[in-house]
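Everything on this sheet refers to the single structure shown next.
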Amino acid sequence: MLSSILSTGFAVGAIYALIAVTYNVMFSASRVMSFTAGQIGMLGGVFGAWFILRLHLPIVAGFALTLLACAGIGVLTEIVAVRPVMAGLEKHLYVLSTLALALMMQQFTAIEWSTEPQPFPRIVGGGFWALDQKFWLPMVACAVVILGLELVYRRTLVGRAFLAIAEDNYAARALGLPERNLRIASFALAGAIAGLAGFAGGQLLLASIANGPMLNFYGFVPVALGGLGNNRGAIAGGLLLGLFQQAANFLLGGVLVSVAVFVAFIVVLMAAPQGLFGAPPIRRV
Amino acid sequence: MRSRLTALPYALIFAAAAAVPLVRDDYLVLIATRAAVYWVLVSGLNLVVGFAGQLAIGWVSLLTIGAYTTSIMVARGWLGALPALGVAGVAGALGGVLVGLSALRLRTFYFAMTTLGFATIVTQVALAWTGVTGGGIGIAGPTLPAPLDTQTGFYFFCLALAALCTWMTLNIAESRFGRALVGLRDVEVAAEAMGISKTHLLVTVFLFSGALAAVAGGLFATLQSYITPDAFTFDLSVLFFIAILIGGRGSVLGPLFGAILLTILPEFAAPLVAWSTFLYAALLLVIVIALPGGIADLLDQRRRRELPKDRLVVPRPDLVPSLIMRQLERPAMILSGVRLSFGGVHAIDGLDLVLRPGEVHGLIGPNGSGKTTTLNVISGFYAPQNGAVRIGDIPLPSGAQTRASLGIARTFQTPRAIGDASVLENVMIGGTIEGRASFAECMLALPRHRRDEAALRMQAERCLRIVGLEALADERADRLQHSELRFTEIARALMLCPAFLLLDEPAAGLSADEITRLGALIKAVGVAGCGVLLVEHHADLIFDICDRVTVLNLGRELAAGTPSEIRAHREVVSAYLGG
């Protein structure tokens with residue numbers, strides 16, 4: 001039982017963590033929380049199943065195409081739902097524009113793909129219970145992403161430019177950083193990360209449109225708890241959430257799990273709206 | 001007062017709706033019933049989304065609660081269908097507050113997510129609580145007693161409720177509560193300074209719209225005749241939410257159009273039914289990007305009306321005594337040893353200041369010397385870490401929304417006006433706390449509410465005359481020039497007949513002539529017995545009209561005295577005035 005809680009909990013948690021990182025990467029570049037984060041995660045699974053099982057592409061090609069397609073949808077989010085709103089006066093309308101785009105993605109997939117969960121291909125053969133692909137692949141993906149991001153952000157010039165924009169958009173632009181291109185790149189990166197999450201978690205979650213709203217919510221919980229833009233908080237929060245959910249699943253069972261997660265989410269947020277690791281902002285009058 | 005002309009579109013819509021059964025097409029009546037039921041919910045949600053600006057995208061949860069409450073009550077034989085609808089209303093009100101409480105702390109995306117999460121939870125509970133809800137198998141919807149049990153009877157019942165909801169929400173929209181909600185949406189900080197309590201107001205509105213949503217849920221269950229959790233998809237939430245945004249925020253007519261449009265649209269394009277949610281979403285995207293004001297903005301004639309080009313704001317200081325006549329022998333406002341730092345920055349570092357009734361007190365100093373912070377401490381946005389602000393011997397309570405009832409009014413460095421409200425409404429909002437009628441009285445347009453409105457309107461017209469803007473009273477505030485907005489804000493502050501008036505750089509951006517006229521107005525307000533604290537950079541204005549001047553530097557008092565003393569003060573001249 002414990003091993004099952006741990007293996008499933010960490011695997012699901014890693015997927016949540018990756019979606020949380022997706023939210024963060026988009027937020028850092030644009031100050032926008034996008035409802036498309038979870039939907040791109042869903043599409044990662046759908047594209048994977050489509051390329052590999054329906055179009056019979058080799059796994060490597062299917063994987064590469066999935067990431068590419070998801071990066072493209074990340075860029076689409078930026079162009080369609082973020083840029084026009086940022087140009088206007090009422091910037092908080094991004095909530096609505098990204099919601100609209102996310103709904104369009106979900107409906108389109110429902111009609112053109114399927115409303116029922118579809119099987120996702122096996123990527124790596126062999127393995128038994130905890131060593132099965134569906135348990136370790138999300139963890140590996142999560143580790144690769146977090147290490148990769150740290151490396152890019154700390155060691156490369158482009159990564160530092162990302163950080164500069166996240167820190168102070170105006171100052172970065174005044175310094176001559178190509179803010180728009182960097183934002184597009186950020187959204188492409190975010191899309192690829194979400195796609196990776198969906199692909200790595202495909203065996204666990206299947207290729208189903210129901211994953212879109214589900215990942216939107218459970219991927220947001222670690223962001224809210226860990227503090228916006230805080231990737232370490234997001235990873236820790238995601239893994240904790242996965243474990244909590246699986247433990248609650250065993251102890252309480254069924255529907256009470258989501259109730260428990262929701263209640264915990266609300267209670268923590270009401271007590272600390274900036275997240276457990278975020279600093280409260282000074283109120284501007 | 002609502003004019004006949006504004007009531008006309010509603011009359012036409014409901015007359016057309018009442019004529020629908022004449023066509024003798026059962027399916028058409030069904031769709032019209034559905035539109036009426038949806039509108040009962042949307043009309044209430046409109047106050048939350050369109051007026052208060054809260055992004056409640058998961059409102060289907062309250063429809064679900066209402067539908068199940070009614071069905072269970074009736075199926076178990078506990079209550080008749082009509083009393084069960086009432087119980088559902090109470091349950092919905094409680095549910096609405098439960099969702100709404102999170103809006104008090106969480107903003108935009110966070111709150112939207114919370115409502116979404118709540119909607120998911122409600123559906124899952126309905127699915128899992130098999131013993132009560134019938135789980136996935138479902139439960140029969142209630143049947144209303146005769147004569148409401150026929151299709152037409154039920155339709156007219158729903159239509160009557162829809163009309164009632166339209167009337168009630170219109171009443172609220174045009175009351176001080178409606179204006180205060182829009183104030184919280186667009187100019188939250190200013191609304192607080194006017195004494196509007198966000199908590200109180202939002203809880204009330206969430207109660208109201210939760211109750212309407214649940215009643216709509218009961219009707220929905222009757223209409224469906226059998227309900228399962230599948231009936232309450234997120235698509236419904238989307239429909240409700242988008243109907244409001246397409247209609248336009250801050251309007252009742254627009255969302256009414258929106259709700260009707262979205263209900264009937266898929267019916268007339270059968271092949272599109274599967275794509276309906278996709279189309280709604282696409283519509284939402286287009287609206288948000290291209291027409292954030294929605295249908296209501298298209299219908300708004302005031303957007304196109306030509307305004308005179310060379311308009312002058314000519315205040316009438318001579319009228320001030322007709323508004324404010326205060327005794328000069330009142331306690332003064334006293335700041336003693338006020339200290340406030342942000343991190344390592346000492347914004348105010350031990351400030352003493354006395355603001356006497358009947359005096360214009362200038363507060364000057366270089367940028368970053370703590371002038372605006374001082375105003376924010378007085379108006380309760382920041383609590384001082386040391387020292388106190390008192391009126392006479394009584395320390396001011398904490399919280400910005402307590403200031404208006406103490407007679408403290410203020411303006412802001414950048415004018416904060418509600419763009420799509422008229423100038424008159426913008427000014428009326430300043431007197432929100434003067435209203436006596438409760439939310440329920442406003443909703444039902446009872447006499448006390450009408451008296452409130454008449455009094456507020458008269459007071460606002462008087463204030464606009466004093467600042468010289470009466471000619472623009474009916475224009476949208478977003479069409480005004482900068483200087484006009486500044487005078488609008490002063491008019492709004494005058495609504496309270498304030499004992500103390502705090503002005504934050506009222507002359508910034510004004511022409512020389514306008515500054516002279518502004519000076520005369522401020523002077524008159526002081527003479528009438530109001531204590532005016534004036535933060536300004538225009539030294540001439542300060543020295544012309546102030547009785548007393550305090551100069552700040554780095555959060556401390558550099559000098560204080562009469563204008564002539566300050567003008568001769570060596571340090572002030574070298575540090576700030578130059579010369």
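Note on naming: chains are A, B, ... as they come in the structure tokens, residues start from 1 per chain, ligands start from 1 in the order shown.
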| request: Provide as JSON, numbers by chain the residues of chain B at most 8 Å from chain A, counting only C-alpha atoms. | output: {"B": [102, 105, 106, 108, 109, 110, 113, 114, 117, 118, 121, 124, 125, 128, 189, 274, 275, 277, 278, 279, 281, 282, 284, 285, 288, 289, 376, 381]}
| Hey, what's within 8 Å of segment 229-235 of chain A if we count only C-alpha atoms and toss same-chain stuff fewer than 5 positions away? As a list of chain:residue names, please? |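 In the requested form, the answer reads A:Ala14, A:Ala17, A:Leu18, A:Ala20, A:Val21, A:Tyr23, A:Asn24, A:Val25, A:Phe27, A:Ser28, A:Pro222, A:Val223, A:Phe277, A:Gly278.
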Can I get the selection written as a PDB file, in the first residue's frame, with C-alpha atoms?
```
ATOM      1  CA  ALA A  14       5.596  15.133 -11.016  1.00  0.00           C
ATOM      2  CA  ALA A  17       4.693  19.956 -10.845  1.00  0.00           C
ATOM      3  CA  LEU A  18       5.454  20.202 -14.562  1.00  0.00           C
ATOM      4  CA  ALA A  20       2.914  24.266 -12.334  1.00  0.00           C
ATOM      5  CA  VAL A  21       6.272  25.077 -13.947  1.00  0.00           C
ATOM      6  CA  TYR A  23       2.229  28.335 -15.363  1.00  0.00           C
ATOM      7  CA  ASN A  24       5.347  29.871 -13.868  1.00  0.00           C
ATOM      8  CA  VAL A  25       7.292  30.126 -17.118  1.00  0.00           C
ATOM      9  CA  PHE A  27       3.846  34.106 -15.792  1.00  0.00           C
ATOM     10  CA  SER A  28       7.483  35.135 -15.555  1.00  0.00           C
ATOM     11  CA  PRO A 222       1.160  23.988  -6.357  1.00  0.00           C
ATOM     12  CA  VAL A 223       1.615  27.403  -7.994  1.00  0.00           C
ATOM     13  CA  PHE A 277       6.768  30.653   0.092  1.00  0.00           C
ATOM     14  CA  GLY A 278       5.719  33.993  -1.395  1.00  0.00           C
TER      15      GLY A 278
END
```
| query | Out of B:Gly399, B:Pro384, B:Pro506, B:Gly531, which residue has the shortest atom-to-atom distance to Ser197 of chain B when counting only C-alpha atoms? | reply |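 So, comparing all the options, the nearest one is B:Gly399.
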| Which neighbours of segment 68-83 of chain B fall inside 9 Å, counting only C-alpha atoms, when residues of the same chain fewer than 3 positions from it are skipped, and could you give them as a ChimeraX atom specification? | /B:63-65,86-88,91,126,132-133,139-145,214-215,217-219,221-222,226-227
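Residues in contact with Ala454 of chain B at 12 Å, where only C-alpha atoms are counted and same-chain residues fewer than 6 positions away are skipped, are listed as B:Met1, B:Glu174, B:Ser175, B:Arg176, B:Met428, B:Glu434, B:Gly435, B:Pro447, B:Arg448, B:Ala460, B:Glu461.
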Export of the given selection (N, CA and C atoms) as an mmCIF file, in the first residue's frame:
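Printed below is selection.cif as written:
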```cif
data_model
loop_
_atom_site.group_PDB
_atom_site.id
_atom_site.type_symbol
_atom_site.label_atom_id
_atom_site.label_comp_id
_atom_site.auth_asym_id
_atom_site.auth_seq_id
_atom_site.Cartn_x
_atom_site.Cartn_y
_atom_site.Cartn_z
ATOM 1 N N MET B 1 -34.229 58.066 -11.384
ATOM 2 C CA MET B 1 -35.545 57.667 -11.928
ATOM 3 C C MET B 1 -35.372 57.086 -13.327
ATOM 4 N N GLU B 174 -29.415 50.528 -10.288
ATOM 5 C CA GLU B 174 -29.568 51.984 -10.278
ATOM 6 C C GLU B 174 -29.608 52.547 -8.864
ATOM 7 N N SER B 175 -29.206 51.743 -7.892
ATOM 8 C CA SER B 175 -29.198 52.240 -6.516
ATOM 9 C C SER B 175 -27.766 52.512 -6.084
ATOM 10 N N ARG B 176 -27.615 52.994 -4.870
ATOM 11 C CA ARG B 176 -26.261 53.244 -4.372
ATOM 12 C C ARG B 176 -25.468 51.946 -4.281
ATOM 13 N N MET B 428 -22.253 60.880 -7.345
ATOM 14 C CA MET B 428 -23.213 60.327 -6.387
ATOM 15 C C MET B 428 -22.581 59.247 -5.514
ATOM 16 N N GLU B 434 -24.368 57.968 2.885
ATOM 17 C CA GLU B 434 -25.490 58.785 3.344
ATOM 18 C C GLU B 434 -26.818 58.065 3.141
ATOM 19 N N GLY B 435 -26.841 57.057 2.264
ATOM 20 C CA GLY B 435 -28.083 56.345 1.977
ATOM 21 C C GLY B 435 -28.557 55.586 3.200
ATOM 22 N N PRO B 447 -40.150 53.214 -0.800
ATOM 23 C CA PRO B 447 -40.077 54.679 -0.704
ATOM 24 C C PRO B 447 -38.759 55.203 -0.146
ATOM 25 N N ARG B 448 -38.233 54.533 0.894
ATOM 26 C CA ARG B 448 -37.008 55.055 1.485
ATOM 27 C C ARG B 448 -35.874 55.081 0.467
ATOM 28 N N ALA B 460 -25.583 65.668 -5.479
ATOM 29 C CA ALA B 460 -24.550 65.537 -6.508
ATOM 30 C C ALA B 460 -24.647 66.676 -7.501
ATOM 31 N N GLU B 461 -25.877 67.064 -7.846
ATOM 32 C CA GLU B 461 -26.028 68.186 -8.780
ATOM 33 C C GLU B 461 -25.477 69.470 -8.164
#
```
| request: Run DSSP on the backbone and grab whatever in segment 61-299 of chain B lands in alpha helix (DSSP H); send it over as a VMD selection string. | output: chain B and resid 61 to 75 81 to 103 108 to 128 130 to 133 151 to 173 176 to 186 188 to 193 198 to 224 234 to 247 253 to 268 276 to 290 294 to 299
| message | Set the distance at 7 Å and use only C-alpha atoms: which residues neighbour Val75 of chain A once local chain neighbours fewer than 4 positions away are removed? I'd like the list as a list in words. | response | Ala71, Ile79, Ile184, Phe187 and Ala188 of chain A
| task | Please identify all polymer residues within 9 Å of segment 43-52 of chain A, counting only C-alpha atoms, omitting same-chain residues fewer than 4 positions from it, and present them as a VMD selection string. | result | chain A and resid 38 to 39 56 to 59 61 to 63 65 to 67 69 to 70 105 to 106 109 113 118 to 121 192 194 to 203 205 to 209 211 to 212
| task | Find, counting only C-alpha atoms, the residue in B:Leu298, B:Ala409, B:Val252, B:Ile137 that gets nearest to Leu45 of chain B. | result |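 Using only C-alpha atoms, the shortest distance to Leu45 of chain B belongs to B:Val252.
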| message | Please determine, counting only C-alpha atoms, which residue among B:Leu41, B:Thr123, B:Leu353, B:Leu299 has the shortest atom-to-atom distance to Thr6 of chain B. | response |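 For Thr6 of chain B, the nearest of the candidates is B:Leu299.
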Quick one: residues within 10 Å of segment 314-328 of chain B, only C-alpha atoms counted, chain neighbours fewer than 4 positions away excluded, as a CSV table (one decimal) with N, CA and C atoms, in the first residue's frame?
```csv
chain,number,residue,atom,x,y,z
B,332,ALA,N,-9.7,69.5,16.2
B,332,ALA,CA,-8.8,69.4,15.1
B,332,ALA,C,-8.3,68.0,14.9
B,356,ARG,N,-6.5,72.1,11.5
B,356,ARG,CA,-7.7,72.7,12.2
B,356,ARG,C,-8.8,73.0,11.2
B,357,PRO,N,-10.0,72.9,11.7
B,357,PRO,CA,-11.2,73.2,10.9
B,357,PRO,C,-11.1,74.6,10.4
B,358,GLY,N,-11.5,74.8,9.2
B,358,GLY,CA,-11.5,76.2,8.7
B,358,GLY,C,-10.1,76.6,8.1
B,359,GLU,N,-9.1,75.8,8.2
B,359,GLU,CA,-7.8,76.1,7.7
B,359,GLU,C,-7.5,75.3,6.5
B,459,GLN,N,-27.9,66.4,-4.1
B,459,GLN,CA,-26.6,66.7,-3.6
B,459,GLN,C,-25.5,66.7,-4.6
B,462,ARG,N,-25.7,69.6,-6.9
B,462,ARG,CA,-25.2,70.8,-6.2
B,462,ARG,C,-23.7,70.8,-6.2
B,463,CYS,N,-23.1,69.7,-5.9
B,463,CYS,CA,-21.6,69.6,-5.9
B,463,CYS,C,-21.0,69.8,-7.3
B,464,LEU,N,-21.7,69.3,-8.3
B,464,LEU,CA,-21.2,69.5,-9.7
B,464,LEU,C,-21.3,71.0,-10.1
B,465,ARG,N,-22.4,71.7,-9.6
B,465,ARG,CA,-22.5,73.1,-9.9
B,465,ARG,C,-21.4,73.9,-9.2
B,466,ILE,N,-21.0,73.5,-8.0
B,466,ILE,CA,-20.0,74.1,-7.3
B,466,ILE,C,-18.6,74.0,-8.0
B,467,VAL,N,-18.3,72.8,-8.5
B,467,VAL,CA,-17.0,72.7,-9.2
B,467,VAL,C,-17.2,73.1,-10.7
B,468,GLY,N,-18.4,73.5,-11.1
B,468,GLY,CA,-18.5,74.0,-12.5
B,468,GLY,C,-18.6,73.0,-13.6
B,469,LEU,N,-19.2,71.8,-13.2
B,469,LEU,CA,-19.3,70.7,-14.2
B,469,LEU,C,-20.7,70.3,-14.5
B,470,GLU,N,-21.7,71.1,-14.1
B,470,GLU,CA,-23.1,70.7,-14.2
B,470,GLU,C,-23.5,70.4,-15.7
B,487,PHE,N,-11.7,67.9,-11.2
B,487,PHE,CA,-12.8,68.6,-10.6
B,487,PHE,C,-13.9,67.6,-10.2
B,494,LEU,N,-16.8,66.3,-2.1
B,494,LEU,CA,-17.6,67.3,-1.4
B,494,LEU,C,-19.0,66.7,-1.0
B,495,MET,N,-19.3,65.5,-1.7
B,495,MET,CA,-20.6,64.9,-1.4
B,495,MET,C,-20.8,64.6,0.1
B,496,LEU,N,-19.7,64.4,0.8
B,496,LEU,CA,-19.8,64.1,2.3
B,496,LEU,C,-20.0,65.3,3.1
B,497,CYS,N,-20.0,66.5,2.5
B,497,CYS,CA,-19.9,67.8,3.2
B,497,CYS,C,-18.7,67.6,4.2
B,498,PRO,N,-17.5,67.3,3.8
B,498,PRO,CA,-16.5,66.8,4.7
B,498,PRO,C,-16.1,67.8,5.8
B,499,ALA,N,-15.7,67.2,6.9
B,499,ALA,CA,-15.1,68.0,8.0
B,499,ALA,C,-13.6,68.2,7.7
B,513,ASP,N,-4.8,79.2,-15.6
B,513,ASP,CA,-6.1,79.7,-15.3
B,513,ASP,C,-6.9,78.8,-14.4
B,514,GLU,N,-6.8,77.5,-14.8
B,514,GLU,CA,-7.6,76.5,-14.0
B,514,GLU,C,-7.1,76.4,-12.6
B,517,ARG,N,-8.5,79.2,-10.5
B,517,ARG,CA,-9.9,79.0,-10.2
B,517,ARG,C,-10.0,77.9,-9.1
B,518,LEU,N,-9.2,76.9,-9.3
B,518,LEU,CA,-9.1,75.8,-8.3
B,518,LEU,C,-8.8,76.4,-6.9
B,519,GLY,N,-7.8,77.3,-6.9
B,519,GLY,CA,-7.4,77.9,-5.6
B,519,GLY,C,-8.5,78.6,-4.9
B,520,ALA,N,-9.3,79.4,-5.7
B,520,ALA,CA,-10.4,80.1,-5.1
B,520,ALA,C,-11.4,79.1,-4.5
B,521,LEU,N,-11.6,78.0,-5.2
B,521,LEU,CA,-12.6,77.0,-4.7
B,521,LEU,C,-12.1,76.4,-3.4
B,522,ILE,N,-10.8,76.0,-3.4
B,522,ILE,CA,-10.3,75.4,-2.2
B,522,ILE,C,-10.4,76.3,-1.0
B,523,LYS,N,-10.0,77.6,-1.3
B,523,LYS,CA,-10.1,78.6,-0.2
B,523,LYS,C,-11.5,78.7,0.3
B,524,ALA,N,-12.5,78.7,-0.6
B,524,ALA,CA,-13.9,78.8,-0.1
B,524,ALA,C,-14.3,77.6,0.7
B,525,VAL,N,-13.8,76.4,0.4
B,525,VAL,CA,-14.1,75.2,1.2
B,525,VAL,C,-13.5,75.4,2.6
B,526,GLY,N,-12.3,75.9,2.7
B,526,GLY,CA,-11.7,76.1,4.0
B,526,GLY,C,-12.5,77.1,4.8
B,527,VAL,N,-12.9,78.2,4.1
B,527,VAL,CA,-13.6,79.3,4.8
B,527,VAL,C,-14.9,78.8,5.4
B,528,ALA,N,-15.5,77.8,4.6
B,528,ALA,CA,-16.8,77.3,5.1
B,528,ALA,C,-16.7,76.4,6.3
B,529,GLY,N,-15.5,76.1,6.8
B,529,GLY,CA,-15.3,75.4,8.0
B,529,GLY,C,-14.7,74.1,7.9
B,530,CYS,N,-14.3,73.7,6.6
B,530,CYS,CA,-13.7,72.4,6.4
B,530,CYS,C,-12.2,72.5,6.6
B,531,GLY,N,-11.5,71.5,7.2
B,531,GLY,CA,-10.1,71.5,7.3
B,531,GLY,C,-9.5,70.9,6.1
```
